[in-house]
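Q: Quick one: the structure is below, questions incoming.
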Number of protein chains: 2
Amino acid sequence: MARKKNSSADVTGPRIRAAALRLFARHGYAAVSMRQIATEVGVQAGTLYLYTPDKQSLLFDLMQQHMQDLLAELAILPPATTPLADLENFTRFHIRFHQARSDAVFISYMELRNLEPANFDRIEALRRDYEAHLVTILARGKAAHVFELPDTKLATFAVIAMLTGVNTWFREGGRLSLDAVEEIYWQMVRKAVGA
Amino acid sequence: MARKKNSSADVTGPRIRAAALRLFARHGYAAVSMRQIATEVGVQAGTLYLYTPDKQSLLFDLMQQHMQDLLAELAILPPATTPLADLENFTRFHIRFHQARSDAVFISYMELRNLEPANFDRIEALRRDYEAHLVTILARGKAAHVFELPDTKLATFAVIAMLTGVNTWFREGGRLSLDAVEEIYWQMVRKAVGA
């Protein structure tokens, strides 16, 4: 987000990542060549290699950037005073963040299998950091007897899966606004954790 | 399930589908060739075409079979006498059915984008049939004031996403048995619908 916009390097790098994201999401990582990405961006294939050593690095960068953005935006959520308010903030944040990034969410799930082991481990570590944030909220609420939960880890998986699922069906202009969806999901999450 | 086992046609067809499922799940539909599938099965590429007209038909058959098996097994669940018992049966059934078929679940989500429009519509219709079953349970429970739900359709999406999410982290031999996971998820689902 802090990238400069006044040199061609700073414009081309983001355009390459955007094109790779679009093509990976549409056709799948394995089916997309560096040449196709270059064509989509409108540069020579050789130019691509000034920005990224190979396709694996491009995939890893996209998935790492997605997780780093997620963690950075989570970190600046206004702090709440109760576990229930924290859980509500988390719920609304998760839906909005992911809804705005459906291609990145899709490849982050689908292309895990195509990460080399060391890259996979780094993405998994970031994912665990994100989950740990929700585990902490749930554990605090459980300790305060605000939440009734048999297992905070499983509740974390359940809540995240439920919320990310909005991406598979929500369309702007459909029956419900995203605000309304957020509100309905928050009521379901609140009940699911026994609050 | 009603296929005969006493001719080579009846053995080779299922082996082709199993190989295609495995390869699509590992590498993605777009990256897998009919030749690779033939090699995996141990037959000539030409032999494959005795069983399926093309790769698209193979993908569609896999996804259709998955949905048809799901609907067939759902149909023979023992009938329950209350919406709450129906919801519990559905919850436990969904987890077990999907847990046993992780490759099929994965491609059913991931390869939707690679279905030709007419095939996509047919798979979506089967998916809606499955969702309708849960919508009906939730609507009956809501009408009987057993469930407290702002929106039965969204609750259906939320419950299905939550339950299918088990596939992304559950491993046999891990901290919890599938029985224990089923029980914990059932408690969360029950609370989420306000029962």
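Ligands are numbered from 1 in the order shown, chains are lettered A, B, ... in the order of the structure tokens, and residues start at 1 in each chain.
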Skipping near chain neighbours, those fewer than 3 positions away, what residues fall within 7 Å of Asp103 (chain B) using only C-alpha atoms, listed as a list of chain:residue names?
A: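 Residues meeting the cut-off are B:Leu21, B:Arg22, B:Ala25, B:Phe106, B:Ile107.
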Q: Using only C-alpha atoms, please write the residues we just selected to a file, as a compact mmCIF listing (two decimals), in the first residue's frame.
A:
```txt
# COMPACT_ATOMS: atom_id res chain seq x y z
CA LEU B 21 -10.64 -37.42 -9.89
CA ARG B 22 -7.20 -37.95 -8.35
CA ALA B 25 -7.69 -32.76 -7.51
CA PHE B 106 -12.42 -30.13 -3.61
CA ILE B 107 -13.03 -30.38 -7.36
```
Q: For Ala85 (chain A), please output as a list in words all residues within 12 Å (counting only C-alpha atoms; exclusion window: fewer than 6 positions along the same chain).
A: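 My reading of the contact set: Leu77, Pro78, Pro79, Thr91, Arg92, Ile137, Leu138, Arg140, Gly141, Val146, Trp186, Arg190 and Ala195 of chain A.
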Q: Near chain A, which residues of chain B fall within 8 Å when you count only C-alpha atoms, and what do they look like as a PyMOL selection string?
A: chain B and resi 26-28+30-31+110+113-114+150-151+154-155+157-163+165-166+184-185+188-194
Q: Could you give me, as number ranges by chain, the residues within 10 Å of Thr52 (chain A), counting only C-alpha atoms and dropping anything in the same chain fewer than 4 positions from it?
A: A: 13, 16-17, 47-48, 56-58, 61
Q: Identify, on the basis of only C-alpha atoms, every residue whose closest approach to Leu178 (chain A) does not exceed 9 Å; exclude the query and any residue fewer than 3 positions from it along the same chain; express the result as an MDAnalysis selection string.
A: chainID A and resid 95:96 99 170:172 181:183
Q: To one decimal in Å, tell me the separation between CA of Lys153 (chain B) and CA of Phe60 (chain B).
A: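 Computed distance, CA of Lys153 (chain B) to CA of Phe60 (chain B), equals 26.3 Å.
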